[in-house]
>>> print(open('entry.cif').read())   # mmCIF, C-alpha atoms
data_query
#
loop_
_atom_site.group_PDB
_atom_site.id
_atom_site.type_symbol
_atom_site.label_atom_id
_atom_site.label_comp_id
_atom_site.auth_asym_id
_atom_site.auth_seq_id
_atom_site.Cartn_x
_atom_site.Cartn_y
_atom_site.Cartn_z
ATOM 1 C CA MET B 1 -5.643 20.969 -14.086
ATOM 2 C CA ARG B 2 -7.326 21.132 -10.706
ATOM 3 C CA GLY B 3 -8.588 17.618 -11.328
ATOM 4 C CA LEU B 4 -4.994 16.411 -11.535
ATOM 5 C CA LEU B 5 -3.600 18.469 -8.693
ATOM 6 C CA VAL B 6 -5.416 16.633 -5.882
ATOM 7 C CA PRO B 7 -4.399 13.096 -6.970
ATOM 8 C CA LEU B 8 -0.845 14.245 -7.776
ATOM 9 C CA ALA B 9 -0.464 15.876 -4.351
ATOM 10 C CA SER B 10 -2.084 12.878 -2.657
ATOM 11 C CA GLY B 11 0.204 10.422 -4.455
ATOM 12 C CA THR B 12 3.298 12.494 -3.678
ATOM 13 C CA ILE B 13 2.486 12.835 0.032
ATOM 14 C CA PHE B 14 1.570 9.124 0.096
ATOM 15 C CA GLY B 15 4.915 8.153 -1.465
ATOM 16 C CA ALA B 16 6.787 10.423 0.953
ATOM 17 C CA GLY B 17 4.986 8.782 3.876
ATOM 18 C CA LEU B 18 5.818 5.306 2.615
ATOM 19 C CA ALA B 19 9.526 6.161 2.323
ATOM 20 C CA LEU B 20 9.635 8.000 5.676
ATOM 21 C CA GLY B 21 7.896 5.111 7.427
ATOM 22 C CA GLY B 22 10.360 2.592 5.990
ATOM 23 C CA MET B 23 7.746 0.861 3.830
ATOM 24 C CA THR B 24 9.975 1.105 0.756
ATOM 25 C CA ASP B 25 12.498 -1.080 2.602
ATOM 26 C CA PRO B 26 11.438 -4.717 2.045
ATOM 27 C CA ALA B 27 13.502 -5.820 5.053
ATOM 28 C CA ARG B 28 11.416 -3.599 7.316
ATOM 29 C CA VAL B 29 8.125 -4.901 5.923
ATOM 30 C CA ARG B 30 9.250 -8.534 6.129
ATOM 31 C CA GLY B 31 10.557 -7.766 9.624
ATOM 32 C CA PHE B 32 6.986 -6.866 10.612
ATOM 33 C CA LEU B 33 5.616 -10.001 8.982
ATOM 34 C CA ASP B 34 8.266 -12.075 10.821
ATOM 35 C CA LEU B 35 5.969 -12.261 13.842
ATOM 36 C CA PHE B 36 7.533 -15.500 15.102
ATOM 37 C CA GLY B 37 11.128 -14.321 14.595
ATOM 38 C CA ALA B 38 12.933 -10.994 15.067
ATOM 39 C CA TRP B 39 9.698 -8.985 14.943
ATOM 40 C CA ASP B 40 9.952 -5.326 13.860
ATOM 41 C CA PRO B 41 6.748 -3.499 14.909
ATOM 42 C CA THR B 42 7.461 -0.353 12.828
ATOM 43 C CA LEU B 43 4.724 -1.138 10.279
ATOM 44 C CA ALA B 44 2.160 -1.152 13.085
ATOM 45 C CA PHE B 45 3.094 2.459 13.863
ATOM 46 C CA VAL B 46 2.784 3.383 10.178
ATOM 47 C CA MET B 47 -0.619 1.708 9.954
ATOM 48 C CA GLY B 48 -1.720 3.200 13.278
ATOM 49 C CA GLY B 49 -0.760 6.753 12.293
ATOM 50 C CA ALA B 50 -2.454 6.452 8.910
ATOM 51 C CA VAL B 51 -5.658 4.918 10.292
ATOM 52 C CA LEU B 52 -5.874 7.538 13.053
ATOM 53 C CA VAL B 53 -5.662 10.452 10.605
ATOM 54 C CA MET B 54 -8.098 8.773 8.206
ATOM 55 C CA ALA B 55 -10.591 8.068 10.998
ATOM 56 C CA LEU B 56 -10.719 11.827 11.602
ATOM 57 C CA ALA B 57 -11.104 12.413 7.859
ATOM 58 C CA TRP B 58 -14.135 10.071 7.785
ATOM 59 C CA LEU B 59 -15.719 12.112 10.613
ATOM 60 C CA VAL B 60 -15.243 15.267 8.533
ATOM 61 C CA GLN B 61 -16.529 13.505 5.414
ATOM 62 C CA LYS B 62 -19.823 12.653 7.136
ATOM 63 C CA ARG B 63 -20.505 16.360 7.581
ATOM 64 C CA MET B 64 -19.695 17.288 3.978
ATOM 65 C CA GLN B 65 -22.285 17.512 1.202
ATOM 66 C CA ARG B 66 -19.634 17.040 -1.475
ATOM 67 C CA PRO B 67 -15.830 16.924 -1.735
ATOM 68 C CA VAL B 68 -13.967 20.225 -2.025
ATOM 69 C CA PHE B 69 -12.762 19.748 -5.619
ATOM 70 C CA ALA B 70 -15.315 17.299 -7.091
ATOM 71 C CA GLU B 71 -19.027 17.030 -7.750
ATOM 72 C CA GLY B 72 -19.700 14.149 -5.403
ATOM 73 C CA PHE B 73 -18.288 11.292 -3.349
ATOM 74 C CA SER B 74 -17.526 8.039 -5.155
ATOM 75 C CA LEU B 75 -17.007 5.509 -2.367
ATOM 76 C CA PRO B 76 -17.321 1.723 -1.950
ATOM 77 C CA ASP B 77 -20.554 0.750 -0.204
ATOM 78 C CA ARG B 78 -20.424 -3.055 -0.190
ATOM 79 C CA SER B 79 -20.577 -4.898 3.109
ATOM 80 C CA ASP B 80 -20.800 -8.561 2.002
ATOM 81 C CA ILE B 81 -18.003 -10.897 3.061
ATOM 82 C CA THR B 82 -17.355 -13.157 0.076
ATOM 83 C CA ALA B 83 -15.012 -16.023 -0.751
ATOM 84 C CA ARG B 84 -13.456 -13.742 -3.368
ATOM 85 C CA LEU B 85 -12.640 -11.120 -0.748
ATOM 86 C CA VAL B 86 -11.021 -13.635 1.598
ATOM 87 C CA GLY B 87 -9.315 -15.708 -1.109
ATOM 88 C CA GLY B 88 -7.950 -12.692 -2.952
ATOM 89 C CA SER B 89 -6.717 -11.093 0.259
ATOM 90 C CA ALA B 90 -5.089 -14.392 1.286
ATOM 91 C CA LEU B 91 -3.212 -14.498 -2.037
ATOM 92 C CA PHE B 92 -2.186 -10.867 -1.685
ATOM 93 C CA GLY B 93 -0.718 -11.546 1.767
ATOM 94 C CA ILE B 94 1.365 -14.409 0.371
ATOM 95 C CA GLY B 95 2.822 -12.184 -2.360
ATOM 96 C CA TRP B 96 3.378 -9.411 0.192
ATOM 97 C CA GLY B 97 5.326 -11.801 2.410
ATOM 98 C CA ILE B 98 7.492 -13.218 -0.380
ATOM 99 C CA ALA B 99 9.201 -9.960 -1.369
ATOM 100 C CA GLY B 100 8.093 -7.482 1.329
ATOM 101 C CA LEU B 101 6.336 -5.251 -1.190
ATOM 102 C CA CYS B 102 2.708 -4.251 -1.670
ATOM 103 C CA PRO B 103 1.393 -2.052 -4.519
ATOM 104 C CA GLY B 104 2.117 1.396 -3.004
ATOM 105 C CA PRO B 105 5.740 0.713 -2.041
ATOM 106 C CA GLY B 106 6.158 -1.114 -5.374
ATOM 107 C CA PHE B 107 5.439 2.073 -7.311
ATOM 108 C CA ALA B 108 7.259 4.306 -4.804
ATOM 109 C CA SER B 109 10.376 2.127 -5.065
ATOM 110 C CA LEU B 110 10.632 2.902 -8.782
ATOM 111 C CA ALA B 111 12.502 6.002 -7.571
ATOM 112 C CA ILE B 112 14.720 4.045 -5.160
ATOM 113 C CA ALA B 113 15.623 0.767 -6.881
ATOM 114 C CA PRO B 114 14.182 1.174 -10.414
ATOM 115 C CA ALA B 115 15.222 -2.197 -11.859
ATOM 116 C CA SER B 116 13.912 -4.250 -8.922
ATOM 117 C CA ALA B 117 10.715 -2.231 -8.551
ATOM 118 C CA ALA B 118 10.025 -2.418 -12.292
ATOM 119 C CA ILE B 119 10.066 -6.228 -12.192
ATOM 120 C CA PHE B 120 7.639 -6.260 -9.268
ATOM 121 C CA VAL B 121 5.317 -3.650 -10.820
ATOM 122 C CA ALA B 122 5.333 -5.314 -14.269
ATOM 123 C CA ALA B 123 4.521 -8.712 -12.738
ATOM 124 C CA MET B 124 1.800 -7.135 -10.587
ATOM 125 C CA LEU B 125 0.160 -5.503 -13.605
ATOM 126 C CA ALA B 126 0.418 -8.831 -15.456
ATOM 127 C CA GLY B 127 -1.370 -10.504 -12.553
ATOM 128 C CA MET B 128 -4.117 -7.892 -12.704
ATOM 129 C CA VAL B 129 -4.508 -8.410 -16.460
ATOM 130 C CA LEU B 130 -4.648 -12.181 -15.871
ATOM 131 C CA VAL B 131 -7.595 -11.799 -13.471
ATOM 132 C CA ARG B 132 -9.393 -9.620 -15.983
ATOM 133 C CA LEU B 133 -8.814 -12.125 -18.816
ATOM 134 C CA MET B 134 -9.909 -15.103 -16.714
ATOM 135 C CA GLU B 135 -13.069 -13.312 -15.707
ATOM 136 C CA GLY B 136 -13.885 -12.565 -19.328
ATOM 137 C CA GLN B 137 -14.032 -8.828 -18.983
ATOM 138 C CA GLY B 138 -11.270 -8.317 -21.539
ATOM 139 C CA MET E 1 16.086 13.053 11.645
ATOM 140 C CA SER E 2 17.676 12.156 14.973
ATOM 141 C CA LEU E 3 14.331 12.332 16.776
ATOM 142 C CA LEU E 4 12.798 10.098 14.123
ATOM 143 C CA ALA E 5 15.511 7.528 14.834
ATOM 144 C CA THR E 6 14.362 7.144 18.458
ATOM 145 C CA PRO E 7 14.401 3.409 19.208
ATOM 146 C CA LEU E 8 11.711 1.264 20.825
ATOM 147 C CA PRO E 9 12.836 -0.582 23.977
ATOM 148 C CA GLY E 10 13.070 -4.303 23.257
ATOM 149 C CA PHE E 11 12.982 -3.868 19.487
ATOM 150 C CA PRO E 12 16.435 -2.660 18.358
ATOM 151 C CA ASP E 13 15.465 -2.585 14.655
ATOM 152 C CA ALA E 14 12.211 -0.658 15.035
ATOM 153 C CA ALA E 15 11.807 3.024 14.117
ATOM 154 C CA PRO E 16 8.493 3.859 15.827
ATOM 155 C CA LEU E 17 8.558 7.660 15.432
ATOM 156 C CA ALA E 18 9.638 7.555 11.777
ATOM 157 C CA GLY E 19 6.911 4.962 11.264
ATOM 158 C CA LEU E 20 4.303 7.115 12.984
ATOM 159 C CA ALA E 21 5.354 10.219 11.015
ATOM 160 C CA GLY E 22 5.228 8.257 7.763
ATOM 161 C CA GLY E 23 1.839 6.884 8.727
ATOM 162 C CA VAL E 24 0.476 10.358 9.462
ATOM 163 C CA LEU E 25 1.661 11.490 6.008
ATOM 164 C CA ILE E 26 -0.059 8.484 4.409
ATOM 165 C CA GLY E 27 -3.213 9.316 6.362
ATOM 166 C CA LEU E 28 -3.065 12.955 5.228
ATOM 167 C CA ALA E 29 -2.601 11.823 1.616
ATOM 168 C CA ALA E 30 -5.619 9.523 1.867
ATOM 169 C CA ALA E 31 -7.612 12.278 3.621
ATOM 170 C CA LEU E 32 -6.776 14.701 0.807
ATOM 171 C CA MET E 33 -8.027 12.165 -1.737
ATOM 172 C CA LEU E 34 -11.226 11.584 0.262
ATOM 173 C CA LEU E 35 -12.113 15.168 1.159
ATOM 174 C CA GLY E 36 -10.654 16.742 -1.991
ATOM 175 C CA ALA E 37 -11.612 14.311 -4.739
ATOM 176 C CA GLY E 38 -14.225 12.212 -2.914
ATOM 177 C CA ARG E 39 -12.363 8.980 -3.529
ATOM 178 C CA ILE E 40 -10.508 6.148 -1.787
ATOM 179 C CA ALA E 41 -6.700 6.267 -2.067
ATOM 180 C CA GLY E 42 -6.410 2.558 -2.802
ATOM 181 C CA VAL E 43 -3.210 1.985 -4.753
ATOM 182 C CA SER E 44 -4.098 -1.332 -6.422
ATOM 183 C CA GLY E 45 -7.445 -0.034 -7.680
ATOM 184 C CA ILE E 46 -6.005 3.277 -8.877
ATOM 185 C CA ALA E 47 -3.137 1.435 -10.623
ATOM 186 C CA ALA E 48 -5.602 -0.860 -12.400
ATOM 187 C CA ARG E 49 -7.563 2.207 -13.451
ATOM 188 C CA ALA E 50 -4.428 4.054 -14.689
ATOM 189 C CA PHE E 51 -3.297 1.104 -16.811
ATOM 190 C CA GLY E 52 -6.776 0.464 -18.170
ATOM 191 C CA ILE E 53 -7.042 -2.934 -16.454
ATOM 192 C CA GLY E 54 -9.972 -2.230 -14.179
ATOM 193 C CA ALA E 55 -13.157 -0.317 -14.678
ATOM 194 C CA GLY E 56 -13.859 2.610 -12.423
ATOM 195 C CA SER E 57 -15.225 6.094 -12.317
ATOM 196 C CA MET E 58 -11.921 7.808 -11.551
ATOM 197 C CA PRO E 59 -10.613 9.811 -14.520
ATOM 198 C CA ARG E 60 -7.604 7.969 -15.942
ATOM 199 C CA ALA E 61 -5.460 11.130 -15.981
ATOM 200 C CA GLY E 62 -6.105 11.530 -12.268
ATOM 201 C CA ALA E 63 -5.188 7.900 -11.642
ATOM 202 C CA TRP E 64 -1.915 8.444 -13.488
ATOM 203 C CA ALA E 65 -1.216 11.629 -11.494
ATOM 204 C CA PHE E 66 -1.590 9.691 -8.222
ATOM 205 C CA ILE E 67 0.608 6.801 -9.397
ATOM 206 C CA ILE E 68 3.337 9.170 -10.672
ATOM 207 C CA GLY E 69 3.241 11.002 -7.340
ATOM 208 C CA LEU E 70 4.225 7.861 -5.397
ATOM 209 C CA PRO E 71 7.853 7.609 -6.638
ATOM 210 C CA VAL E 72 8.166 11.419 -6.659
ATOM 211 C CA GLY E 73 7.310 11.579 -2.960
ATOM 212 C CA ALA E 74 9.611 8.679 -2.123
ATOM 213 C CA LEU E 75 12.441 10.319 -4.087
ATOM 214 C CA ILE E 76 12.075 13.567 -2.125
ATOM 215 C CA VAL E 77 12.286 11.761 1.229
ATOM 216 C CA MET E 78 15.217 9.582 0.178
ATOM 217 C CA ALA E 79 17.103 12.653 -1.146
ATOM 218 C CA LEU E 80 16.469 14.645 2.050
ATOM 219 C CA SER E 81 17.294 11.803 4.426
ATOM 220 C CA GLY E 82 20.299 10.478 2.546
ATOM 221 C CA ALA E 83 19.269 6.989 3.627
ATOM 222 C CA PRO E 84 21.080 4.110 1.911
ATOM 223 C CA THR E 85 19.263 2.196 -0.834
ATOM 224 C CA PRO E 86 17.508 -0.758 0.774
ATOM 225 C CA THR E 87 18.025 -4.352 -0.344
ATOM 226 C CA PHE E 88 15.368 -5.858 -2.611
ATOM 227 C CA ALA E 89 14.625 -9.468 -3.474
ATOM 228 C CA GLY E 90 16.072 -10.984 -6.651
ATOM 229 C CA PRO E 91 14.251 -10.946 -10.007
ATOM 230 C CA VAL E 92 12.575 -14.348 -9.601
ATOM 231 C CA PRO E 93 11.031 -13.796 -6.149
ATOM 232 C CA LEU E 94 10.101 -10.233 -7.189
ATOM 233 C CA ALA E 95 8.297 -11.527 -10.285
ATOM 234 C CA ILE E 96 6.483 -14.281 -8.363
ATOM 235 C CA ALA E 97 5.530 -11.871 -5.574
ATOM 236 C CA GLY E 98 4.340 -9.218 -8.025
ATOM 237 C CA LEU E 99 2.198 -11.693 -9.937
ATOM 238 C CA VAL E 100 0.558 -13.021 -6.758
ATOM 239 C CA VAL E 101 0.021 -9.480 -5.413
ATOM 240 C CA GLY E 102 -1.559 -8.406 -8.712
ATOM 241 C CA ILE E 103 -3.925 -11.388 -8.826
ATOM 242 C CA GLY E 104 -4.783 -11.204 -5.124
ATOM 243 C CA THR E 105 -5.483 -7.480 -4.962
ATOM 244 C CA ARG E 106 -7.850 -7.619 -7.952
ATOM 245 C CA ILE E 107 -9.773 -10.626 -6.652
ATOM 246 C CA GLY E 108 -9.774 -9.244 -3.097
ATOM 247 C CA SER E 109 -10.720 -5.708 -4.233
ATOM 248 C CA GLY E 110 -7.859 -3.921 -2.523
ATOM 249 C CA CYS E 111 -4.534 -3.883 -0.741
ATOM 250 C CA THR E 112 -2.829 -2.365 2.294
ATOM 251 C CA SER E 113 -3.932 1.168 1.382
ATOM 252 C CA GLY E 114 -7.544 0.642 0.287
ATOM 253 C CA HIS E 115 -8.497 -2.017 2.829
ATOM 254 C CA GLY E 116 -5.809 -1.444 5.479
ATOM 255 C CA VAL E 117 -5.839 2.352 5.749
ATOM 256 C CA CYS E 118 -9.024 3.665 4.099
ATOM 257 C CA GLY E 119 -11.387 0.779 4.877
ATOM 258 C CA MET E 120 -10.289 -0.073 8.421
ATOM 259 C CA SER E 121 -10.500 3.600 9.446
ATOM 260 C CA ARG E 122 -14.215 3.674 8.502
ATOM 261 C CA LEU E 123 -14.699 0.270 10.188
ATOM 262 C CA SER E 124 -15.711 -1.421 6.933
ATOM 263 C CA GLN E 125 -16.464 -5.072 7.692
ATOM 264 C CA ARG E 126 -15.035 -6.132 4.341
ATOM 265 C CA SER E 127 -11.802 -4.238 4.906
ATOM 266 C CA LEU E 128 -11.400 -5.563 8.448
ATOM 267 C CA VAL E 129 -11.749 -9.125 7.136
ATOM 268 C CA ALA E 130 -9.443 -8.456 4.167
ATOM 269 C CA THR E 131 -6.754 -6.855 6.345
ATOM 270 C CA ALA E 132 -6.880 -9.630 8.953
ATOM 271 C CA THR E 133 -6.591 -12.152 6.112
ATOM 272 C CA PHE E 134 -3.620 -10.661 4.262
ATOM 273 C CA MET E 135 -1.815 -9.972 7.542
ATOM 274 C CA ALA E 136 -2.325 -13.608 8.560
ATOM 275 C CA THR E 137 -1.111 -15.083 5.270
ATOM 276 C CA GLY E 138 1.785 -12.592 5.278
ATOM 277 C CA PHE E 139 2.846 -13.818 8.731
ATOM 278 C CA VAL E 140 2.521 -17.459 7.653
ATOM 279 C CA THR E 141 4.417 -16.869 4.387
ATOM 280 C CA VAL E 142 7.417 -15.287 6.092
ATOM 281 C CA ALA E 143 7.384 -17.909 8.861
ATOM 282 C CA ALA E 144 7.236 -20.735 6.293
ATOM 283 C CA MET E 145 10.009 -19.217 4.169
ATOM 284 C CA ASN E 146 12.187 -18.854 7.261
ATOM 285 C CA ALA E 147 11.442 -22.444 8.288
ATOM 286 C CA PHE E 148 12.541 -23.683 4.853
ATOM 287 C CA GLY E 149 15.593 -21.422 4.866
ATOM 288 C CA LEU E 150 14.382 -19.347 1.909
ATOM 289 C CA GLU E 151 16.277 -16.063 2.273
ATOM 290 C CA VAL E 152 15.150 -13.548 -0.395
ATOM 291 C CA LEU E 153 16.850 -10.363 0.821
ATOM 292 C CA GLY E 154 20.406 -11.678 0.708
#
>>> encode(input="entry.cif", output="structure tokens")
Amino acid sequence: MRGLLVPLASGTIFGAGLALGGMTDPARVRGFLDLFGAWDPTLAFVMGGAVLVMALAWLVQKRMQRPVFAEGFSLPDRSDITARLVGGSALFGIGWGIAGLCPGPGFASLAIAPASAAIFVAAMLAGMVLVRLMEGQG
Amino acid sequence: MSLLATPLPGFPDAAPLAGLAGGVLIGLAAALMLLGAGRIAGVSGIAARAFGIGAGSMPRAGAWAFIIGLPVGALIVMALSGAPTPTFAGPVPLAIAGLVVGIGTRIGSGCTSGHGVCGMSRLSQRSLVATATFMATGFVTVAAMNAFGLEVLG
């Protein structure tokens, strides 16, 4: 049970933060991305607040032998800039701009506008499956 | 909630304090995942893990718990704030956007949470490049759609 409690609490607080910060409102997200129009800087405050808190968490993490509720840390350690990284991120930004949704707000919005969010989430999962199939890992 | 509605001079639509408070919550959630479970709170990767699409060391039950938490948390805030339901894009743009987001986040190894929040805060070179890239194409996409008169939010 303890193994589920941390991710459940993390997901719940994460979803609350997304809704509070207006990230489950596609107009607010697209307002931020409308840099050359009626720019809405709210997303920068969301990102700034989140990065600030996480920067402190990384400082704490450096001084920890292991996480509080797990055997060890399981963290990405790659540092190579690849065409995949840039190309994939470029695609992601295009999709993000089209509907004003990224994965977190997509799932969180299932509680706000279930029908709309379900279409986005289903298509997103289909896209993920497509990548897996094309790369022959399926 | 009145304090959270404090405006930003020059930007009548912005909600800087609500944004900052939401961001701090997101940061705390990611910090809990890092210091509690020793993992990155990257939504696209955890979703792929939950649905059995991507490999990973995270237990699938834990991945599901995180994903289920997202709408639960949003529901609590929406119920407490009584905010109106926002407008979403129509089915076709939602489906196209979702597909592109799904493909892009898998190829690019992350999204706004994994690269933007967790990676940038540890100054990961990969995440800095990824975030700069998806921000840039996001800006260009919205600018191009506006230029062509493509209005998706009604």
>>> atom_distance(input="entry.cif", atom1="atom CA of E:Ala48", atom2="atom CA of E:Ile68")
13.5 Å
>>> resolve_selection(input="entry.cif", expression="the PyMOL selection byres ((chain E and resi 128) around 12)", output="VMD selection string")
(chain B and resid 79 to 81 85 to 86 89) or (chain E and resid 110 to 112 114 to 127 129 to 135)
>>> interface_residues(input="entry.cif", of="chain E", to="chain B", cutoff="6 Å", atoms="all atoms listed in the file", output="PyMOL selection string")
chain E and resi 14-16+18-20+22-27+29+31+35-39+43-44+62+65-66+69-75+77+86+89+94-95+97-105+107-108+117+121+126+130+133-134+137-139+141-142
>>> axis_aligned_box(input="entry.cif", around="stretch 114-125 of chain B", padding_each_side="5 Å", output="lines of an AutoDock Vina configuration file")
center_x = 7.7
center_y = -3.8
center_z = -11.4
size_x = 25.1
size_y = 19.9
size_z = 15.7
>>> atom_distance(input="entry.cif", atom1="atom CA of E:Pro9", atom2="atom CA of E:Ser113")
28.2 Å
>>> atom_distance(input="entry.cif", atom1="atom CA of E:Ala63", atom2="atom CA of E:Arg49")
6.4 Å
